[in-house]
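Trainee: What follows is data.cif, mmCIF, C-alpha atoms.
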```
data_data
#
loop_
_atom_site.group_PDB
_atom_site.id
_atom_site.type_symbol
_atom_site.label_atom_id
_atom_site.label_comp_id
_atom_site.auth_asym_id
_atom_site.auth_seq_id
_atom_site.Cartn_x
_atom_site.Cartn_y
_atom_site.Cartn_z
ATOM 1 C CA MET A 1 -30.891 3.108 -24.884
ATOM 2 C CA PRO A 2 -30.292 -0.453 -23.625
ATOM 3 C CA GLN A 3 -27.370 -2.259 -25.247
ATOM 4 C CA LEU A 4 -28.086 -5.028 -27.666
ATOM 5 C CA PRO A 5 -26.986 -8.537 -26.656
ATOM 6 C CA ALA A 6 -23.239 -8.978 -26.894
ATOM 7 C CA PRO A 7 -22.000 -10.639 -30.094
ATOM 8 C CA ASP A 8 -20.846 -14.243 -29.875
ATOM 9 C CA TYR A 9 -17.322 -15.510 -30.416
ATOM 10 C CA PRO A 10 -16.457 -16.888 -33.865
ATOM 11 C CA ALA A 11 -17.389 -20.578 -34.063
ATOM 12 C CA GLU A 12 -13.821 -21.893 -33.846
ATOM 13 C CA VAL A 13 -12.972 -19.660 -30.884
ATOM 14 C CA ARG A 14 -16.150 -20.617 -29.058
ATOM 15 C CA ALA A 15 -15.510 -24.333 -29.582
ATOM 16 C CA ARG A 16 -12.001 -23.999 -28.130
ATOM 17 C CA LEU A 17 -13.204 -21.955 -25.151
ATOM 18 C CA GLU A 18 -16.056 -24.369 -24.464
ATOM 19 C CA ALA A 19 -13.574 -27.238 -24.218
ATOM 20 C CA ASP A 20 -11.438 -25.226 -21.794
ATOM 21 C CA ALA A 21 -14.514 -24.170 -19.829
ATOM 22 C CA ARG A 22 -15.662 -27.778 -19.372
ATOM 23 C CA GLU A 23 -12.264 -28.602 -17.894
ATOM 24 C CA VAL A 24 -12.433 -25.664 -15.485
ATOM 25 C CA ILE A 25 -16.027 -26.303 -14.421
ATOM 26 C CA GLY A 26 -15.260 -29.965 -13.815
ATOM 27 C CA ARG A 27 -12.947 -29.006 -10.953
ATOM 28 C CA TYR A 28 -15.783 -27.717 -8.794
ATOM 29 C CA PRO A 29 -18.760 -29.447 -7.147
ATOM 30 C CA ASP A 30 -20.838 -26.316 -7.831
ATOM 31 C CA SER A 31 -20.402 -24.862 -11.313
ATOM 32 C CA ARG A 32 -20.931 -21.313 -10.038
ATOM 33 C CA SER A 33 -17.612 -21.588 -8.213
ATOM 34 C CA ALA A 34 -15.848 -21.663 -11.603
ATOM 35 C CA LEU A 35 -16.749 -18.062 -12.425
ATOM 36 C CA LEU A 36 -13.459 -16.459 -11.364
ATOM 37 C CA PRO A 37 -11.229 -18.789 -13.411
ATOM 38 C CA LEU A 38 -13.623 -18.537 -16.371
ATOM 39 C CA LEU A 39 -13.257 -14.754 -16.297
ATOM 40 C CA HIS A 40 -9.492 -15.233 -16.446
ATOM 41 C CA LEU A 41 -10.017 -17.611 -19.371
ATOM 42 C CA VAL A 42 -11.960 -15.090 -21.454
ATOM 43 C CA GLN A 43 -9.509 -12.374 -20.418
ATOM 44 C CA ALA A 44 -6.716 -14.517 -21.840
ATOM 45 C CA GLU A 45 -8.572 -14.603 -25.153
ATOM 46 C CA GLU A 46 -8.918 -10.868 -25.765
ATOM 47 C CA GLY A 47 -6.729 -9.244 -23.117
ATOM 48 C CA TYR A 48 -9.698 -7.944 -21.148
ATOM 49 C CA VAL A 49 -13.165 -9.069 -20.104
ATOM 50 C CA THR A 50 -15.471 -8.061 -22.933
ATOM 51 C CA ARG A 51 -19.261 -8.170 -23.043
ATOM 52 C CA THR A 52 -18.863 -11.225 -25.249
ATOM 53 C CA GLY A 53 -16.694 -12.861 -22.594
ATOM 54 C CA MET A 54 -19.231 -12.155 -19.854
ATOM 55 C CA ARG A 55 -22.031 -13.550 -22.024
ATOM 56 C CA PHE A 56 -19.952 -16.703 -22.572
ATOM 57 C CA CYS A 57 -19.345 -17.149 -18.829
ATOM 58 C CA ALA A 58 -23.040 -16.657 -18.070
ATOM 59 C CA GLU A 59 -24.078 -19.260 -20.635
ATOM 60 C CA GLN A 60 -21.553 -21.819 -19.426
ATOM 61 C CA LEU A 61 -22.578 -21.469 -15.778
ATOM 62 C CA GLY A 62 -26.296 -20.867 -16.080
ATOM 63 C CA LEU A 63 -26.003 -17.348 -14.645
ATOM 64 C CA THR A 64 -27.385 -14.034 -15.783
ATOM 65 C CA THR A 65 -25.071 -11.556 -17.427
ATOM 66 C CA ALA A 66 -25.883 -9.197 -14.538
ATOM 67 C CA GLU A 67 -24.476 -11.726 -12.054
ATOM 68 C CA VAL A 68 -21.318 -12.140 -14.119
ATOM 69 C CA THR A 69 -20.940 -8.390 -14.576
ATOM 70 C CA ALA A 70 -21.242 -7.833 -10.825
ATOM 71 C CA VAL A 71 -18.245 -10.095 -10.220
ATOM 72 C CA ALA A 72 -16.171 -8.857 -13.169
ATOM 73 C CA THR A 73 -16.554 -5.242 -12.056
ATOM 74 C CA PHE A 74 -15.846 -5.988 -8.378
ATOM 75 C CA TYR A 75 -12.306 -7.361 -8.793
ATOM 76 C CA THR A 76 -9.573 -5.093 -10.127
ATOM 77 C CA MET A 77 -7.706 -8.086 -11.566
ATOM 78 C CA TYR A 78 -10.203 -8.117 -14.435
ATOM 79 C CA ARG A 79 -9.698 -5.471 -17.086
ATOM 80 C CA ARG A 80 -12.739 -3.748 -18.531
ATOM 81 C CA ARG A 81 -10.957 -2.230 -21.510
ATOM 82 C CA PRO A 82 -7.995 -3.134 -23.748
ATOM 83 C CA GLY A 83 -4.563 -2.887 -22.143
ATOM 84 C CA GLY A 84 -0.919 -3.504 -22.851
ATOM 85 C CA ASP A 85 1.095 -6.692 -23.054
ATOM 86 C CA TYR A 86 2.630 -5.799 -19.702
ATOM 87 C CA GLN A 87 0.673 -4.449 -16.759
ATOM 88 C CA VAL A 88 3.111 -2.472 -14.620
ATOM 89 C CA GLY A 89 1.733 -1.996 -11.138
ATOM 90 C CA VAL A 90 3.469 0.321 -8.692
ATOM 91 C CA CYS A 91 2.601 -0.218 -5.051
ATOM 92 C CA THR A 92 1.596 3.079 -3.453
ATOM 93 C CA ASN A 93 0.504 1.699 -0.098
ATOM 94 C CA THR A 94 2.088 3.008 3.069
ATOM 95 C CA LEU A 95 5.507 1.348 3.302
ATOM 96 C CA CYS A 96 6.243 1.268 -0.418
ATOM 97 C CA ALA A 97 5.038 4.864 -0.713
ATOM 98 C CA VAL A 98 7.327 6.281 1.969
ATOM 99 C CA LEU A 99 10.284 4.308 0.612
ATOM 100 C CA GLY A 100 9.832 5.628 -2.909
ATOM 101 C CA GLY A 101 6.703 4.127 -4.427
ATOM 102 C CA ASP A 102 4.980 7.482 -4.904
ATOM 103 C CA ALA A 103 8.089 8.906 -6.574
ATOM 104 C CA ILE A 104 8.355 5.846 -8.847
ATOM 105 C CA PHE A 105 4.720 6.088 -9.900
ATOM 106 C CA ASP A 106 4.963 9.815 -10.622
ATOM 107 C CA ALA A 107 8.189 9.301 -12.570
ATOM 108 C CA LEU A 108 6.682 6.526 -14.700
ATOM 109 C CA ARG A 109 3.595 8.617 -15.443
ATOM 110 C CA SER A 110 5.857 11.328 -16.816
ATOM 111 C CA HIS A 111 8.287 8.938 -18.509
ATOM 112 C CA LEU A 112 5.570 6.923 -20.274
ATOM 113 C CA GLU A 113 3.286 9.931 -20.802
ATOM 114 C CA VAL A 114 0.263 8.072 -19.444
ATOM 115 C CA GLU A 115 -2.002 8.370 -16.420
ATOM 116 C CA ASN A 116 -3.173 5.674 -14.046
ATOM 117 C CA GLY A 117 -4.834 2.842 -15.959
ATOM 118 C CA GLU A 118 -3.707 4.096 -19.354
ATOM 119 C CA THR A 119 -1.647 2.259 -21.975
ATOM 120 C CA THR A 120 1.313 3.495 -23.994
ATOM 121 C CA GLY A 121 0.730 4.222 -27.659
ATOM 122 C CA ASP A 122 2.662 1.135 -28.748
ATOM 123 C CA GLY A 123 0.312 -1.106 -26.738
ATOM 124 C CA LYS A 124 3.144 -2.493 -24.637
ATOM 125 C CA VAL A 125 2.686 -1.106 -21.113
ATOM 126 C CA THR A 126 -0.344 -0.340 -18.980
ATOM 127 C CA LEU A 127 0.542 1.631 -15.854
ATOM 128 C CA GLU A 128 -1.441 1.423 -12.642
ATOM 129 C CA HIS A 129 -0.965 2.145 -8.975
ATOM 130 C CA ILE A 130 -1.935 -0.756 -6.750
ATOM 131 C CA GLU A 131 -2.673 -1.192 -3.076
ATOM 132 C CA CYS A 132 -0.162 -3.507 -1.385
ATOM 133 C CA ASN A 133 1.586 -6.345 -3.143
ATOM 134 C CA ALA A 134 2.048 -8.166 0.178
ATOM 135 C CA ALA A 135 5.798 -7.733 -0.216
ATOM 136 C CA CYS A 136 6.545 -4.955 2.265
ATOM 137 C CA ASP A 137 9.902 -6.499 3.175
ATOM 138 C CA PHE A 138 11.090 -5.781 -0.401
ATOM 139 C CA ALA A 139 9.657 -2.254 -0.656
ATOM 140 C CA PRO A 140 9.319 -0.374 -2.885
ATOM 141 C CA VAL A 141 7.868 -3.036 -5.179
ATOM 142 C CA VAL A 142 6.779 -2.951 -8.806
ATOM 143 C CA MET A 143 4.876 -5.863 -10.329
ATOM 144 C CA VAL A 144 4.744 -6.744 -14.013
ATOM 145 C CA ASN A 145 1.899 -9.128 -14.824
ATOM 146 C CA TRP A 146 1.935 -10.070 -11.122
ATOM 147 C CA GLU A 147 5.641 -10.986 -11.056
ATOM 148 C CA PHE A 148 7.833 -9.231 -8.477
ATOM 149 C CA PHE A 149 10.429 -6.573 -9.163
ATOM 150 C CA ASP A 150 11.735 -5.756 -5.700
ATOM 151 C CA ASN A 151 13.628 -2.851 -4.134
ATOM 152 C CA GLN A 152 13.014 -0.562 -7.063
ATOM 153 C CA THR A 153 14.194 2.988 -7.614
ATOM 154 C CA VAL A 154 13.024 5.634 -10.043
ATOM 155 C CA GLU A 155 15.874 4.840 -12.408
ATOM 156 C CA SER A 156 15.520 1.050 -12.229
ATOM 157 C CA ALA A 157 11.767 1.339 -12.863
ATOM 158 C CA LYS A 158 12.396 3.516 -15.913
ATOM 159 C CA ARG A 159 14.873 0.985 -17.271
ATOM 160 C CA LEU A 160 12.341 -1.771 -16.640
ATOM 161 C CA VAL A 161 9.583 -0.190 -18.704
ATOM 162 C CA ASP A 162 12.048 0.825 -21.427
ATOM 163 C CA ASP A 163 13.215 -2.791 -21.714
ATOM 164 C CA LEU A 164 9.623 -4.036 -21.851
ATOM 165 C CA ARG A 165 8.775 -1.635 -24.661
ATOM 166 C CA ALA A 166 11.940 -2.475 -26.577
ATOM 167 C CA GLY A 167 11.338 -6.224 -26.353
ATOM 168 C CA ARG A 168 14.479 -6.867 -24.326
ATOM 169 C CA ALA A 169 14.547 -9.801 -21.916
ATOM 170 C CA VAL A 170 13.427 -8.863 -18.412
ATOM 171 C CA GLU A 171 13.733 -11.143 -15.389
ATOM 172 C CA PRO A 172 11.770 -10.722 -12.157
ATOM 173 C CA THR A 173 13.857 -10.503 -9.011
ATOM 174 C CA ARG A 174 12.105 -13.675 -7.832
ATOM 175 C CA GLY A 175 9.399 -15.967 -9.103
ATOM 176 C CA ALA A 176 8.564 -17.369 -12.507
ATOM 177 C CA PRO A 177 9.873 -15.879 -15.758
ATOM 178 C CA LEU A 178 7.849 -13.037 -17.199
ATOM 179 C CA CYS A 179 5.170 -13.691 -19.808
ATOM 180 C CA THR A 180 2.532 -11.548 -21.484
ATOM 181 C CA TYR A 181 -0.665 -10.454 -19.787
ATOM 182 C CA ARG A 182 -2.793 -12.862 -21.816
ATOM 183 C CA GLU A 183 -0.479 -15.770 -21.027
ATOM 184 C CA THR A 184 -0.603 -14.823 -17.347
ATOM 185 C CA ALA A 185 -4.418 -14.747 -17.450
ATOM 186 C CA ARG A 186 -4.538 -18.284 -18.839
ATOM 187 C CA ILE A 187 -2.256 -19.511 -16.048
ATOM 188 C CA LEU A 188 -4.519 -17.803 -13.502
ATOM 189 C CA ALA A 189 -7.448 -19.630 -15.080
ATOM 190 C CA GLY A 190 -5.787 -22.814 -13.821
ATOM 191 C CA PHE A 191 -4.034 -24.114 -16.907
ATOM 192 C CA PRO A 192 -0.431 -25.311 -16.626
ATOM 193 C CA ASP A 193 2.474 -23.111 -17.550
ATOM 194 C CA GLU A 194 4.040 -25.074 -20.398
ATOM 195 C CA ARG A 195 7.300 -23.120 -20.508
ATOM 196 C CA PRO A 196 10.280 -25.312 -19.577
ATOM 197 C CA GLY A 197 11.466 -24.638 -16.034
ATOM 198 C CA ALA A 198 8.850 -21.953 -15.343
ATOM 199 C CA VAL A 199 7.143 -23.808 -12.491
ATOM 200 C CA GLU A 200 10.408 -24.725 -10.796
ATOM 201 C CA ALA A 201 11.576 -21.110 -11.043
ATOM 202 C CA SER A 202 8.556 -19.823 -9.146
ATOM 203 C CA GLY A 203 10.137 -20.906 -5.860
ATOM 204 C CA GLY A 204 8.876 -19.854 -2.450
ATOM 205 C CA ALA A 205 9.209 -16.882 -0.163
ATOM 206 C CA GLY A 206 12.119 -14.484 -0.619
ATOM 207 C CA HIS A 207 15.076 -14.231 1.736
ATOM 208 C CA ALA A 208 13.807 -11.093 3.484
ATOM 209 C CA SER A 209 10.443 -12.728 4.129
ATOM 210 C CA LEU A 210 12.146 -15.634 5.865
ATOM 211 C CA ALA A 211 14.529 -13.598 8.034
ATOM 212 C CA GLY A 212 12.270 -13.795 11.084
ATOM 213 C CA LEU A 213 11.866 -17.540 10.681
ATOM 214 C CA ARG A 214 15.632 -18.026 10.483
ATOM 215 C CA LEU A 215 16.119 -15.977 13.627
ATOM 216 C CA ALA A 216 13.440 -17.963 15.435
ATOM 217 C CA LYS A 217 15.160 -21.187 14.462
ATOM 218 C CA GLY A 218 18.507 -19.869 15.654
ATOM 219 C CA GLU A 219 20.149 -20.209 12.256
ATOM 220 C CA THR A 220 21.762 -16.750 12.360
ATOM 221 C CA GLY A 221 22.151 -16.318 16.105
ATOM 222 C CA PRO A 222 19.660 -14.891 18.564
ATOM 223 C CA ALA A 223 18.062 -11.583 17.798
ATOM 224 C CA ARG A 224 19.454 -8.647 19.756
ATOM 225 C CA VAL A 225 16.802 -6.812 21.706
ATOM 226 C CA GLY A 226 17.845 -3.311 22.733
ATOM 227 C CA PRO A 227 16.408 -1.219 25.549
ATOM 228 C CA PRO A 228 13.391 0.920 24.779
ATOM 229 C CA ARG A 229 14.043 4.501 23.797
ATOM 230 C CA GLY A 230 14.554 6.685 26.836
ATOM 231 C CA ALA A 231 15.486 3.779 29.124
ATOM 232 C CA PRO A 232 18.131 4.479 31.776
ATOM 233 C CA PRO A 233 21.664 3.082 31.343
ATOM 234 C CA LEU A 234 22.230 -0.472 32.413
ATOM 235 C CA GLY A 235 22.633 -0.828 36.176
ATOM 236 C CA GLU A 236 20.659 2.301 37.003
ATOM 237 C CA ARG A 237 17.217 2.068 38.570
ATOM 238 C CA PRO A 238 14.486 3.798 36.603
ATOM 239 C CA PRO A 239 12.688 6.636 38.422
ATOM 240 C CA ASP A 240 9.541 5.779 40.303
ATOM 241 C CA HIS A 241 6.523 6.231 38.090
ATOM 242 C CA PRO A 242 3.483 4.624 39.697
ATOM 243 C CA SER A 243 0.457 3.850 37.629
ATOM 244 C CA SER A 244 -2.149 6.577 37.577
ATOM 245 C CA HIS A 245 -4.584 3.974 38.850
ATOM 246 C CA ASP A 246 -2.428 3.416 41.932
ATOM 247 C CA ALA A 247 -1.261 6.951 42.664
ATOM 248 C CA PRO A 248 -2.868 9.662 40.544
ATOM 249 C CA GLN A 249 -0.459 12.477 39.781
ATOM 250 C CA PRO A 250 -1.220 16.076 38.770
ATOM 251 C CA THR A 251 -0.475 16.732 35.114
ATOM 252 C CA SER A 252 1.882 19.416 33.817
ATOM 253 C CA ALA A 253 0.601 22.967 33.710
ATOM 254 C CA SER A 254 0.000 22.977 29.968
ATOM 255 C CA ASP A 255 -3.391 24.761 30.048
ATOM 256 C CA PRO A 256 -3.988 26.390 33.438
ATOM 257 C CA GLU A 257 -6.931 28.468 32.187
ATOM 258 C CA HIS A 258 -8.984 25.457 31.126
ATOM 259 C CA PRO A 259 -11.505 24.456 33.816
ATOM 260 C CA SER A 260 -10.770 20.782 33.329
ATOM 261 C CA GLY A 261 -7.063 21.334 32.920
ATOM 262 C CA PRO A 262 -4.146 20.432 35.164
ATOM 263 C CA VAL A 263 -3.994 21.019 38.857
ATOM 264 C CA THR A 264 -1.033 23.128 39.986
ATOM 265 C CA GLY A 265 0.255 24.024 43.392
ATOM 266 C CA ASP A 266 -0.845 27.652 42.959
ATOM 267 C CA ALA A 267 -4.329 26.572 42.037
ATOM 268 C CA GLU A 268 -4.531 24.434 45.156
ATOM 269 C CA GLU A 269 -3.426 27.371 47.327
ATOM 270 C CA GLU A 270 -6.020 29.660 45.720
ATOM 271 C CA LYS A 271 -8.725 27.108 46.397
ATOM 272 C CA GLY A 272 -7.610 26.889 50.018
#
```
Using structure tokens, write down the structure that the file contains.
Mentor:
Amino acid sequence: MPQLPAPDYPAEVRARLEADAREVIGRYPDSRSALLPLLHLVQAEEGYVTRTGMRFCAEQLGLTTAEVTAVATFYTMYRRRPGGDYQVGVCTNTLCAVLGGDAIFDALRSHLEVENGETTGDGKVTLEHIECNAACDFAPVVMVNWEFFDNQTVESAKRLVDDLRAGRAVEPTRGAPLCTYRETARILAGFPDERPGAVEASGGAGHASLAGLRLAKGETGPARVGPPRGAPPLGERPPDHPSSHDAPQPTSASDPEHPSGPVTGDAEEEKG
């Protein structure tokens, strides 16, 4: 059966959101361009993008709910169901994975007794694996509401989620102070972070990210470039190894029975 139209927000909530929406839409020459921040705005209201939120966005922008739904379901940054105050994302992409990301994610699943995308019973933590936080130089990385927790281990990640659930103060290794998921969503909608010192604390790139730049500028001395693996000792001439285009060489006798395999001396004699 088709779903009935989504219910509307209560009058006071709708009036407040309409005022915020007008401010967001006014930033763009084409109102349709405001859809992404408006989805963050309604996500900040209820903690996820509800059918009511998508109906609101459609009405404000003159779109169909199908158009809004297509965008809201495309981006993983928009939740489709209720979640916790803190979204803990463990990077399981290549570098983080091999340096411990897979082990961290598996340990947190067991420790929190949840699976990917699920929320703890106290409503505090939603666990998810994510694909690349663009912070490979600090791997393995865990993000909480999109703030960085670098160079994590299984034990440090367990302490992190325990502190979040217990309400203890938690500080990212770099970037702005941590806030709840709803507060983060409102900031992503384009509204200022009113917390004293939060903007100044966000800073720039981390020290590891800037190491190459410092080397290029000569601030820590020139980079040392070693010989390639297998290179001869200094002062010795490498053996002649002409290009196969210049002087084709027979390959090693790895598969003498194969008709297109290597050519050996014995094979040449037999042919002669």
Trainee: Given the choices A:Gln87, A:Gln60, A:Ser33, A:Thr92, which gets closest to A:Val125 if the distance is worked out from all atoms listed in the file?
Mentor: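 Using all atoms listed in the file, A:Val125 sits closest to A:Gln87.
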Trainee: Find the residues near A:Val161: any atom within 12 Å, counting all atoms listed in the file, skip ones fewer than 6 places away on the same chain, and give them as a PyMOL selection string.
Mentor: chain A and resi 84-90+104-105+107-109+111-112+119-120+124-127+142-144+149+154-155+167-170
Trainee: Taking the file as shown, find all residues satisfying the PyMOL selection byres ((chain A and resi 97) around 12) and write them as a VMD selection string.
Mentor: chain A and resid 90 to 96 98 to 106 129 to 133 136 139 to 142 152 to 153
Trainee: Figure out the distance between atom CA of A:His207 and atom CA of A:Asn151, please, to one decimal in Å.
Mentor: 12.9 Å
Trainee: Rounded to one decimal, what separation in Å do you get between atom CA of A:Glu67 and atom CA of A:Arg182?
Mentor: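 Atom CA of A:Arg182 lies at a distance of 23.8 Å from atom CA of A:Glu67.
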Trainee: As a JSON list (two decimals) with C-alpha atoms, in the coordinates of the input, please: the residues near stretch 12-26 of chain A (cut-off 7 Å, only C-alpha atoms, same-chain neighbours under 4 positions excluded).
Mentor:
```json
[["chain", "number", "residue", "atom", "x", "y", "z"],
["A", 31, "SER", "CA", -20.40, -24.86, -11.31],
["A", 34, "ALA", "CA", -15.85, -21.66, -11.60],
["A", 38, "LEU", "CA", -13.62, -18.54, -16.37]]
```
Trainee: From the list A:Ser209, A:Ala201, A:Gly190, A:Pro82, which residue is nearest A:Arg27 when using all atoms listed in the file?
Mentor: A:Gly190
Trainee: One number please: atom CA of A:Thr173 to atom CA of A:Arg214, in Å, one decimal.
Mentor: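 Value for the atom CA of A:Thr173-atom CA of A:Arg214 distance: 21.0 Å.
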Trainee: Rank nothing, just name the residue among A:Tyr75, A:Ala189, A:Asp122, A:Gly197 nearest to A:Leu164, using only C-alpha atoms.
Mentor: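 Closest to A:Leu164 of all the choices is A:Asp122.
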Trainee: When the PyMOL selection byres ((chain A and resi 56) around 12) is applied to the file above, which residues end up in the set, as JSON, numbers by chain?
Mentor: {"A": [5, 6, 7, 8, 9, 10, 13, 14, 15, 17, 18, 21, 35, 38, 39, 41, 42, 43, 45, 49, 50, 51, 52, 53, 54, 55, 57, 58, 59, 60, 61, 62, 63, 64, 65, 68, 69]}
Trainee: Given only C-alpha atoms as the basis, pick out the residue of A:Ala208, A:Trp146, A:Leu213, A:Gly117 nearest to A:Ile187.
Mentor: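 Of A:Ala208, A:Trp146, A:Leu213, A:Gly117, the one nearest A:Ile187, counting only C-alpha atoms, is A:Trp146.
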Trainee: Grab stretch 181-209 of chain A from that structure and dump N, CA and C atoms to a file, as a compact mmCIF listing (two decimals), in the first residue's frame.
Mentor:
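Saved the output as out_20.txt:
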```txt
# COMPACT_ATOMS: atom_id res chain seq x y z
N TYR A 181 25.63 14.87 17.71
CA TYR A 181 25.35 14.68 16.29
C TYR A 181 24.40 15.75 15.77
N ARG A 182 23.37 16.08 16.54
CA ARG A 182 22.42 17.10 16.09
C ARG A 182 23.09 18.46 16.00
N GLU A 183 23.93 18.78 16.96
CA GLU A 183 24.65 20.06 16.91
C GLU A 183 25.59 20.11 15.71
N THR A 184 26.24 18.98 15.43
CA THR A 184 27.11 18.90 14.26
C THR A 184 26.32 19.11 12.98
N ALA A 185 25.12 18.52 12.90
CA ALA A 185 24.30 18.65 11.69
C ALA A 185 23.91 20.11 11.47
N ARG A 186 23.62 20.84 12.52
CA ARG A 186 23.26 22.25 12.35
C ARG A 186 24.46 23.06 11.85
N ILE A 187 25.65 22.74 12.33
CA ILE A 187 26.85 23.42 11.83
C ILE A 187 27.05 23.11 10.36
N LEU A 188 26.84 21.86 9.97
CA LEU A 188 26.98 21.47 8.57
C LEU A 188 25.92 22.12 7.69
N ALA A 189 24.81 22.51 8.29
CA ALA A 189 23.79 23.24 7.53
C ALA A 189 24.23 24.66 7.23
N GLY A 190 25.33 25.10 7.85
CA GLY A 190 25.87 26.42 7.55
C GLY A 190 25.64 27.46 8.61
N PHE A 191 25.21 27.02 9.79
CA PHE A 191 25.00 27.98 10.88
C PHE A 191 26.23 28.03 11.77
N PRO A 192 26.54 29.18 12.34
CA PRO A 192 27.79 29.33 13.08
C PRO A 192 27.82 28.48 14.35
N ASP A 193 29.00 28.04 14.67
CA ASP A 193 29.23 27.33 15.92
C ASP A 193 29.38 28.38 17.02
N GLU A 194 28.42 28.45 17.90
CA GLU A 194 28.38 29.52 18.91
C GLU A 194 29.25 29.23 20.12
N ARG A 195 29.84 28.07 20.21
CA ARG A 195 30.64 27.73 21.39
C ARG A 195 31.92 28.57 21.42
N PRO A 196 32.24 29.18 22.54
CA PRO A 196 33.44 30.01 22.62
C PRO A 196 34.71 29.23 22.26
N GLY A 197 35.47 29.78 21.33
CA GLY A 197 36.75 29.19 20.95
C GLY A 197 36.67 28.00 20.03
N ALA A 198 35.45 27.56 19.66
CA ALA A 198 35.34 26.35 18.85
C ALA A 198 35.90 26.56 17.45
N VAL A 199 35.63 27.71 16.84
CA VAL A 199 36.10 27.96 15.48
C VAL A 199 37.62 28.06 15.45
N GLU A 200 38.17 28.77 16.42
CA GLU A 200 39.63 28.93 16.46
C GLU A 200 40.32 27.59 16.68
N ALA A 201 39.67 26.68 17.41
CA ALA A 201 40.28 25.40 17.71
C ALA A 201 40.30 24.46 16.51
N SER A 202 39.50 24.77 15.49
CA SER A 202 39.42 23.86 14.36
C SER A 202 40.74 23.76 13.62
N GLY A 203 41.50 24.86 13.56
CA GLY A 203 42.85 24.83 13.01
C GLY A 203 42.91 24.41 11.56
N GLY A 204 44.09 23.94 11.15
CA GLY A 204 44.31 23.53 9.77
C GLY A 204 44.77 22.09 9.71
N ALA A 205 45.63 21.82 8.76
CA ALA A 205 46.12 20.45 8.58
C ALA A 205 47.01 20.04 9.75
N GLY A 206 47.05 18.74 10.03
CA GLY A 206 47.88 18.22 11.11
C GLY A 206 49.35 18.17 10.73
N HIS A 207 50.20 17.93 11.72
CA HIS A 207 51.64 17.98 11.49
C HIS A 207 52.09 16.93 10.47
N ALA A 208 51.52 15.73 10.53
CA ALA A 208 51.93 14.69 9.58
C ALA A 208 51.54 15.06 8.16
N SER A 209 50.41 15.73 8.01
CA SER A 209 49.97 16.12 6.67
C SER A 209 50.89 17.15 6.05
```
